[in-house]
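Q: Input final.txt, format and content: compact mmCIF, C-alpha atoms.
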```txt
# COMPACT_ATOMS: atom_id res chain seq x y z
CA MET A 81 -37.99 -3.01 -65.60
CA LYS A 82 -34.28 -3.48 -66.30
CA ASN A 83 -33.42 -0.83 -63.70
CA LYS A 84 -35.54 -2.65 -61.14
CA ASN A 85 -33.77 -5.93 -61.93
CA LEU A 86 -30.36 -4.26 -61.61
CA ALA A 87 -31.31 -2.74 -58.25
CA PHE A 88 -32.51 -6.17 -57.05
CA VAL A 89 -29.20 -7.79 -58.08
CA LEU A 90 -27.15 -5.15 -56.29
CA LEU A 91 -29.26 -5.49 -53.14
CA SER A 92 -28.80 -9.29 -53.22
CA ILE A 93 -25.02 -8.92 -53.52
CA LEU A 94 -24.89 -6.51 -50.58
CA MET A 95 -27.03 -8.84 -48.48
CA CYS A 96 -24.74 -11.78 -49.26
CA LEU A 97 -21.67 -9.75 -48.36
CA GLY A 98 -23.34 -8.93 -45.07
CA CYS A 99 -24.04 -12.61 -44.47
CA ASN A 100 -20.36 -13.53 -44.93
CA SER A 101 -18.97 -10.79 -42.70
CA LYS A 102 -18.19 -11.78 -39.12
CA PRO A 103 -19.80 -9.79 -36.32
CA GLU A 104 -17.34 -7.60 -34.47
CA LYS A 105 -16.40 -9.10 -31.14
CA LYS A 106 -16.56 -6.81 -28.17
CA LYS A 107 -13.43 -6.85 -26.05
CA ILE A 108 -14.33 -7.93 -22.54
CA GLU A 109 -12.09 -6.29 -19.99
CA ASP A 110 -10.98 -8.49 -17.09
CA THR A 111 -11.91 -6.55 -13.97
CA SER A 112 -11.10 -9.30 -11.49
CA ASN A 113 -8.39 -8.56 -8.94
CA THR A 114 -5.16 -10.52 -8.62
CA ILE A 115 -4.89 -13.09 -5.83
CA VAL A 116 -1.60 -13.91 -4.11
CA VAL A 117 -1.10 -16.70 -1.58
CA LEU A 118 1.63 -15.93 0.91
CA THR A 119 2.75 -19.07 2.75
CA THR A 120 4.50 -18.60 6.08
CA ASN A 121 5.72 -21.01 8.74
CA TYR A 122 2.56 -20.00 10.65
CA GLY A 123 0.14 -20.71 7.81
CA GLU A 124 -1.24 -19.19 4.61
CA ILE A 125 -2.37 -15.60 4.07
CA THR A 126 -4.38 -14.95 0.90
CA LEU A 127 -4.11 -11.43 -0.48
CA GLU A 128 -6.23 -9.62 -3.06
CA LEU A 129 -4.41 -6.88 -5.01
CA PHE A 130 -6.51 -3.91 -6.11
CA ASN A 131 -6.73 -2.78 -9.73
CA ASP A 132 -7.26 0.77 -8.41
CA THR A 133 -3.53 0.89 -7.61
CA PRO A 134 -1.96 -0.55 -10.79
CA LYS A 135 1.64 0.54 -10.13
CA HIS A 136 1.72 -1.17 -6.75
CA ARG A 137 -0.20 -4.18 -8.06
CA ASP A 138 2.17 -4.70 -10.98
CA ASN A 139 5.26 -4.19 -8.83
CA PHE A 140 4.05 -6.76 -6.28
CA ILE A 141 3.20 -9.25 -9.06
CA LYS A 142 6.67 -8.78 -10.54
CA LEU A 143 8.33 -9.48 -7.19
CA VAL A 144 6.13 -12.54 -6.59
CA ASN A 145 7.00 -13.91 -10.05
CA GLU A 146 10.68 -13.34 -9.30
CA HIS A 147 10.29 -15.16 -5.94
CA ALA A 148 11.82 -12.07 -4.34
CA TYR A 149 9.87 -12.57 -1.08
CA ASP A 150 10.69 -16.25 -0.65
CA SER A 151 12.63 -16.86 2.60
CA LEU A 152 12.26 -13.26 3.83
CA LEU A 153 10.89 -12.46 7.29
CA PHE A 154 8.13 -10.53 8.92
CA HIS A 155 10.70 -8.47 10.78
CA ARG A 156 8.42 -5.93 12.49
CA VAL A 157 5.44 -7.08 14.53
CA ILE A 158 3.40 -4.70 16.72
CA LYS A 159 0.14 -5.81 18.33
CA ASP A 160 -2.85 -3.57 17.49
CA PHE A 161 -0.77 -2.10 14.66
CA VAL A 162 0.92 -4.13 11.88
CA ILE A 163 2.99 -7.06 10.76
CA GLN A 164 5.64 -5.84 8.32
CA GLY A 165 7.90 -7.76 5.95
CA GLY A 166 9.80 -7.59 2.70
CA ASP A 167 13.21 -6.36 3.83
CA PRO A 168 15.64 -8.13 1.43
CA ASP A 169 18.29 -8.05 4.17
CA SER A 170 16.10 -10.29 6.33
CA LYS A 171 16.90 -13.42 4.33
CA ASN A 172 18.90 -15.74 6.61
CA ALA A 173 19.32 -12.89 9.11
CA PRO A 174 20.42 -14.15 12.54
CA ILE A 175 18.01 -13.80 15.45
CA GLY A 176 18.22 -10.37 17.05
CA LYS A 177 19.73 -8.53 14.07
CA PHE A 178 18.14 -5.11 13.52
CA LEU A 179 16.14 -5.11 10.27
CA GLY A 180 13.95 -2.74 8.30
CA GLU A 181 16.38 -0.62 6.30
CA GLY A 182 16.82 -2.89 3.28
CA ASP A 183 15.14 -2.22 -0.06
CA LEU A 184 15.66 -2.21 -3.82
CA ASP A 185 17.08 0.72 -5.77
CA TYR A 186 13.73 2.24 -6.76
CA THR A 187 10.46 3.42 -5.27
CA VAL A 188 6.83 3.13 -6.41
CA PRO A 189 4.87 6.38 -6.96
CA ALA A 190 2.16 7.00 -4.37
CA GLU A 191 -1.37 5.91 -5.33
CA PHE A 192 -3.74 7.32 -2.72
CA ARG A 193 -7.38 6.49 -3.42
CA PRO A 194 -10.36 7.91 -1.48
CA ASN A 195 -12.00 4.45 -1.30
CA LEU A 196 -8.91 2.64 0.06
CA PHE A 197 -8.06 2.98 3.73
CA HIS A 198 -6.19 1.24 6.53
CA LYS A 199 -8.92 -1.02 7.87
CA ARG A 200 -8.04 -4.27 9.62
CA GLY A 201 -6.60 -6.65 7.01
CA ALA A 202 -5.48 -3.92 4.61
CA LEU A 203 -2.28 -4.51 2.64
CA ALA A 204 -0.13 -1.38 2.32
CA THR A 205 3.41 -0.27 1.58
CA ALA A 206 6.01 0.96 4.00
CA ARG A 207 8.05 4.00 3.06
CA GLU A 208 10.69 6.37 4.30
CA GLU A 209 9.80 10.05 4.50
CA ASN A 210 10.37 11.54 1.07
CA LEU A 211 9.29 14.49 -1.04
CA THR A 212 6.71 12.55 -3.09
CA ARG A 213 5.45 10.05 -0.47
CA ALA A 214 6.64 7.26 -2.80
CA SER A 215 6.46 3.70 -1.50
CA SER A 216 9.18 1.20 -0.74
CA ALA A 217 9.82 -1.16 -3.64
CA MET A 218 9.61 -4.26 -1.43
CA GLN A 219 8.54 -3.60 2.14
CA PHE A 220 4.85 -3.99 2.91
CA PHE A 221 2.64 -4.34 5.95
CA ILE A 222 -0.67 -5.95 6.87
CA VAL A 223 -2.89 -3.99 9.25
CA ASP A 224 -3.87 -5.51 12.58
CA GLY A 225 -5.11 -2.29 14.16
CA LYS A 226 -7.65 -1.68 16.88
CA VAL A 227 -11.25 -0.51 17.21
CA TYR A 228 -11.82 3.25 17.51
CA ASN A 229 -14.57 5.44 18.87
CA ASP A 230 -15.52 8.85 17.47
CA SER A 231 -13.25 10.86 19.77
CA LEU A 232 -10.24 8.70 18.87
CA LEU A 233 -11.12 9.02 15.19
CA ASP A 234 -11.14 12.81 15.57
CA VAL A 235 -7.61 12.59 16.98
CA ALA A 236 -6.58 10.31 14.10
CA GLN A 237 -8.06 12.78 11.60
CA GLN A 238 -5.95 15.54 13.10
CA ARG A 239 -2.87 13.32 12.79
CA ILE A 240 -3.64 12.70 9.11
CA ASN A 241 -3.79 16.42 8.45
CA THR A 242 -0.62 17.11 10.44
CA MET A 243 1.22 14.46 8.42
CA THR A 244 -0.13 15.97 5.20
CA ALA A 245 0.91 19.46 6.32
CA ARG A 246 4.39 18.12 7.13
CA TYR A 247 4.62 16.72 3.60
CA HIS A 248 3.76 20.13 2.12
CA VAL A 249 6.31 21.81 4.39
CA ILE A 250 9.27 19.56 3.51
CA LYS A 251 8.64 19.77 -0.23
CA SER A 252 8.28 23.56 -0.22
CA LYS A 253 11.17 25.57 -1.64
CA ALA A 254 11.52 27.56 1.57
CA HIS A 255 11.83 24.55 3.90
CA LYS A 256 13.30 21.83 1.70
CA PRO A 257 16.83 22.55 3.07
CA LEU A 258 15.53 21.57 6.53
CA PHE A 259 14.50 18.19 5.19
CA GLU A 260 17.80 17.69 3.38
CA ALA A 261 19.64 18.49 6.62
CA LEU A 262 17.40 15.99 8.46
CA LYS A 263 18.30 13.26 5.97
CA ILE A 264 22.03 13.92 6.39
CA ALA A 265 21.72 13.95 10.19
CA SER A 266 19.76 10.70 10.11
CA GLU A 267 22.29 8.99 7.85
CA GLY A 268 25.04 10.17 10.19
CA ASN A 269 23.16 8.87 13.27
CA ASP A 270 23.28 12.33 14.85
CA GLU A 271 20.29 11.77 17.12
CA GLN A 272 20.46 15.17 18.80
CA LEU A 273 20.38 17.02 15.49
CA VAL A 274 17.68 14.71 14.13
CA THR A 275 15.47 15.55 17.12
CA LYS A 276 16.12 19.28 16.74
CA LEU A 277 15.35 19.33 13.01
CA ASN A 278 12.30 17.10 13.42
CA ASP A 279 10.92 19.44 16.08
CA SER A 280 11.44 22.44 13.78
CA ILE A 281 9.66 20.74 10.89
CA GLN A 282 6.84 19.61 13.15
CA GLN A 283 6.28 23.13 14.47
CA LEU A 284 6.06 24.42 10.92
CA ALA A 285 3.62 21.62 10.01
CA GLU A 286 1.32 22.37 12.94
CA ALA A 287 1.07 25.99 11.80
CA TYR A 288 0.72 25.21 8.07
CA THR A 289 -2.78 25.60 6.63
CA ASP A 290 -2.33 26.04 2.87
CA PHE A 291 -3.75 22.63 1.86
CA GLU A 292 -7.09 20.86 1.61
CA THR A 293 -7.75 19.18 4.91
CA TYR A 294 -8.96 15.59 5.02
CA THR A 295 -12.13 14.36 6.70
CA ILE A 296 -12.52 10.66 7.45
CA PRO A 297 -15.67 9.57 5.54
CA GLU A 298 -18.57 8.28 7.62
CA ALA A 299 -18.41 4.90 5.87
CA HIS A 300 -14.74 4.55 6.90
CA ARG A 301 -15.57 5.64 10.45
CA ALA A 302 -18.17 2.87 10.66
CA VAL A 303 -15.55 0.29 9.69
CA TYR A 304 -12.98 1.65 12.14
CA LYS A 305 -15.62 1.53 14.90
CA SER A 306 -16.55 -2.08 14.08
CA ILE A 307 -13.52 -4.10 12.92
CA GLY A 308 -10.79 -1.50 13.51
CA GLY A 309 -7.63 -0.47 11.69
CA ILE A 310 -5.06 2.34 11.66
CA PRO A 311 -6.90 5.49 10.51
CA HIS A 312 -4.06 7.96 11.07
CA LEU A 313 -2.11 6.42 8.14
CA ASP A 314 -4.86 7.17 5.61
CA GLN A 315 -3.90 9.25 2.57
CA ASN A 316 -0.23 9.15 3.56
CA TYR A 317 0.63 5.49 2.87
CA THR A 318 -0.63 3.57 -0.17
CA VAL A 319 -3.15 0.78 0.45
CA PHE A 320 -3.03 -1.63 -2.50
CA GLY A 321 -4.78 -4.80 -1.34
CA GLU A 322 -6.32 -6.71 1.52
CA VAL A 323 -6.35 -10.08 3.25
CA ILE A 324 -9.30 -12.20 2.09
CA GLU A 325 -8.29 -15.39 3.92
CA GLY A 326 -5.87 -16.04 6.76
CA MET A 327 -6.41 -13.19 9.23
CA ASN A 328 -6.15 -15.89 11.90
CA VAL A 329 -2.55 -16.35 10.75
CA VAL A 330 -1.96 -12.58 11.00
CA ASP A 331 -3.41 -12.73 14.53
CA SER A 332 -1.05 -15.56 15.45
CA ILE A 333 1.94 -13.59 14.20
CA VAL A 334 0.98 -10.26 15.77
CA ASN A 335 0.72 -11.85 19.21
CA LEU A 336 4.27 -13.25 19.18
CA PRO A 337 6.78 -11.95 21.73
CA THR A 338 9.26 -9.46 20.23
CA ASP A 339 12.53 -7.73 21.11
CA GLU A 340 13.11 -3.99 21.66
CA ASN A 341 13.11 -3.46 17.88
CA ASP A 342 9.71 -5.19 17.44
CA ARG A 343 11.32 -8.19 15.76
CA PRO A 344 9.80 -11.54 16.77
CA LEU A 345 12.02 -13.63 19.03
CA GLU A 346 11.41 -16.54 16.66
CA ASN A 347 11.62 -16.05 12.91
CA VAL A 348 8.37 -15.61 11.00
CA ILE A 349 9.37 -16.76 7.52
CA ILE A 350 7.67 -16.09 4.20
CA LEU A 351 8.26 -19.53 2.74
CA SER A 352 6.78 -18.74 -0.67
CA THR A 353 4.43 -16.47 -2.59
CA GLU A 354 2.28 -17.58 -5.50
CA LEU A 355 -0.21 -16.00 -7.89
CA LYS A 356 -3.60 -17.72 -7.95
CA ASN A 357 -6.63 -17.56 -10.22
CA ARG A 358 -10.06 -17.02 -8.74
```
When written as structure tokens, how does the structure in this file appear?
A:
Amino acid sequence: MKNKNLAFVLLSILMCLGCNSKPEKKKIEDTSNTIVVLTTNYGEITLELFNDTPKHRDNFIKLVNEHAYDSLLFHRVIKDFVIQGGDPDSKNAPIGKFLGEGDLDYTVPAEFRPNLFHKRGALATAREENLTRASSAMQFFIVDGKVYNDSLLDVAQQRINTMTARYHVIKSKAHKPLFEALKIASEGNDEQLVTKLNDSIQQLAEAYTDFETYTIPEAHRAVYKSIGGIPHLDQNYTVFGEVIEGMNVVDSIVNLPTDENDRPLENVIILSTELKNR
């Protein structure tokens, strides 16, 4: 009987301890995407940044928080293609000045994702040709694009694979010196040598087959055939967001008259950028 009483007391103590303990809270991960409102002198463009591309997302958030884009221009505008901005040299740049070569002193590692592609309204990063396909720290573009049919998409698919082959060629040990020579010629504005070296690299790329070729998914084809985009840039430039409001503003900008360098004849100014909650 005493043993039974002792067991009952111990059980009661354990039950009381259980009553006083707090239930463990499950950590709820925030899966919502970041929203950025980009205000221009033509209106507001609301952007959604994808969590699938965290390096680009975090870099863009950092620049927005630093107000790095405030007062910069959309310096490159091409109808049926893109509006491009983010060149730090564009701040207070006089009308007609050639722009597009400014940047910060770092790049962002490429983040190609099979579900992210250059549909109309996509937000992506510009980049110079480099051995890792890393993105510009600051320069970005918003896709205007055009509608494609199947035959044009087949051509775009071939262009994707040629660009990918070119990347494999220039980073290969055997042909890397060609790329280094191209960079030097480009920096020295030796246009004749640039053309010659580019042609050599392109010939090598067209014959290169030691890589996994890319096929545009049917779901992406359906989008390109309905709302349009720029399919030949897929898997070679990082898409890290999209326009969710304000494509009418993008349309207004992309239809502006431009000079021979695709710069609008009147400044398109990014007045401010701001992070927003959903």
Q: May I have the protein, DNA and RNA residues with any atom at most 8 Å from the point (7.9, 10.3, -3.2), counting only C-alpha atoms, written as a list in words?
A: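 The residues near that point, listed by chain and number, are Thr187, Val188, Pro189, Ala190, Glu209, Asn210, Leu211, Thr212, Arg213, Ala214 and Ser215 of chain A.
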Q: What does the distance between CA of Glu325 (chain A) and CA of Asp150 (chain A) come to in Å, to one decimal place?
A: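 Distance reported for this atom pair: 19.5 Å.
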Q: I'd like the interatomic distance between CA of Ala261 (chain A) and CA of Asp342 (chain A), to a tenth of an Å.
A: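 Straight-line distance from CA of Ala261 (chain A) to CA of Asp342 (chain A) works out to 27.9 Å.
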Q: Excluding His147 (chain A) and any residue of its chain fewer than 5 positions from it, enumerate the residues within 12 Å of it, using only C-alpha atoms, and give them as an mmCIF file with C-alpha atoms, keeping the file's coordinate frame.
A:
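And here is the file that came out, selection-v2.cif:
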```
data_model
loop_
_atom_site.group_PDB
_atom_site.id
_atom_site.type_symbol
_atom_site.label_atom_id
_atom_site.label_comp_id
_atom_site.auth_asym_id
_atom_site.auth_seq_id
_atom_site.Cartn_x
_atom_site.Cartn_y
_atom_site.Cartn_z
ATOM 1 C CA LEU A 118 1.630 -15.930 0.910
ATOM 2 C CA PHE A 140 4.050 -6.760 -6.280
ATOM 3 C CA ILE A 141 3.200 -9.250 -9.060
ATOM 4 C CA LYS A 142 6.670 -8.780 -10.540
ATOM 5 C CA LEU A 152 12.260 -13.260 3.830
ATOM 6 C CA GLY A 166 9.800 -7.590 2.700
ATOM 7 C CA PRO A 168 15.640 -8.130 1.430
ATOM 8 C CA MET A 218 9.610 -4.260 -1.430
ATOM 9 C CA ILE A 350 7.670 -16.090 4.200
ATOM 10 C CA LEU A 351 8.260 -19.530 2.740
ATOM 11 C CA SER A 352 6.780 -18.740 -0.670
ATOM 12 C CA THR A 353 4.430 -16.470 -2.590
ATOM 13 C CA GLU A 354 2.280 -17.580 -5.500
ATOM 14 C CA LEU A 355 -0.210 -16.000 -7.890
#
```
Q: Using only C-alpha atoms, which protein or nucleic acid residues come within 9 Å of Tyr122 (chain A)? Drop anything in the same chain fewer than 2 positions from it, and give the result as a list in words.
A: Thr119, Thr120, Glu124, Val329, Val330, Ser332, Ile333, Val348 and Ile349 of chain A
Q: To one decimal in Å, tell me the separation between CA of His136 (chain A) and CA of Phe320 (chain A).
A: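 Separation between CA of His136 (chain A) and CA of Phe320 (chain A): 6.4 Å.
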Q: Closest to Asp314 (chain A) among A:Leu273, A:Val334, A:Met243, A:Met327, using only C-alpha atoms?
A: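 Of A:Leu273, A:Val334, A:Met243, A:Met327, the one nearest Asp314 (chain A), counting only C-alpha atoms, is A:Met243.
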Q: For a cut-off of 10 Å around (-1.5, 11.7, 10.2), file coordinates, pick out all residues using only C-alpha atoms and list them as JSON, numbers by chain.
A: {"A": [235, 236, 237, 238, 239, 240, 241, 242, 243, 244, 245, 246, 294, 311, 312, 313, 314, 315, 316, 317]}
Q: Tell me which of A:Leu203, A:Leu284, A:Ile307, A:Leu233 sits closest to Val162 (chain A), counting only C-alpha atoms.
A: A:Leu203
Q: Can you work out which one of A:Ala254, A:Ile115, A:Ala302, A:Leu262 has the shortest atom-to-atom distance to Leu127 (chain A), counting all atoms listed in the file?
A: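 Checking each candidate against Leu127 (chain A), we get A:Ile115 as the closest.
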Q: Restricting the calculation to all atoms listed in the file: of A:Glu128, A:Ser231, A:Val117, A:Glu181, which residue gets closest to Glu267 (chain A)?
A: A:Glu181
Q: May I ask which of the residues A:Ile158, A:Leu184, A:Ile175, A:Ile125 is the closest one to Asn347 (chain A), counting all atoms listed in the file?
A: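 Among A:Ile158, A:Leu184, A:Ile175, A:Ile125, it is A:Ile175 that comes nearest to Asn347 (chain A).
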Q: Closest to Thr293 (chain A) among A:Arg137, A:His155, A:Lys305, A:His248, using all atoms listed in the file?
A: A:His248
Q: Any idea what's packed within 12 Å of region 277-279 of chain A, counting only C-alpha atoms, ignoring anything in its chain fewer than 2 positions away? Could you give it as a list in words?
A: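 Here the answer would be Glu209, Arg246, Val249, Ile250, His255, Lys256, Pro257, Leu258, Phe259, Glu260, Ala261, Leu262, Lys263, Ile264, Ala265, Ser266, Asp270, Glu271, Gln272, Leu273, Val274, Thr275, Ile281, Gln282, Gln283, Leu284, Ala285 and Glu286 of chain A.
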Q: Draw an axis-aligned box tight on the listed atoms of region 243-261 of chain A, then pad every side by 6 Å and write out centre and edge lengths in Å to one decimal as AutoDock Vina command-line options.
A:
```
--center_x 9.8 --center_y 21.0 --center_z 3.4 --size_x 31.8 --size_y 25.1 --size_z 22.1
```
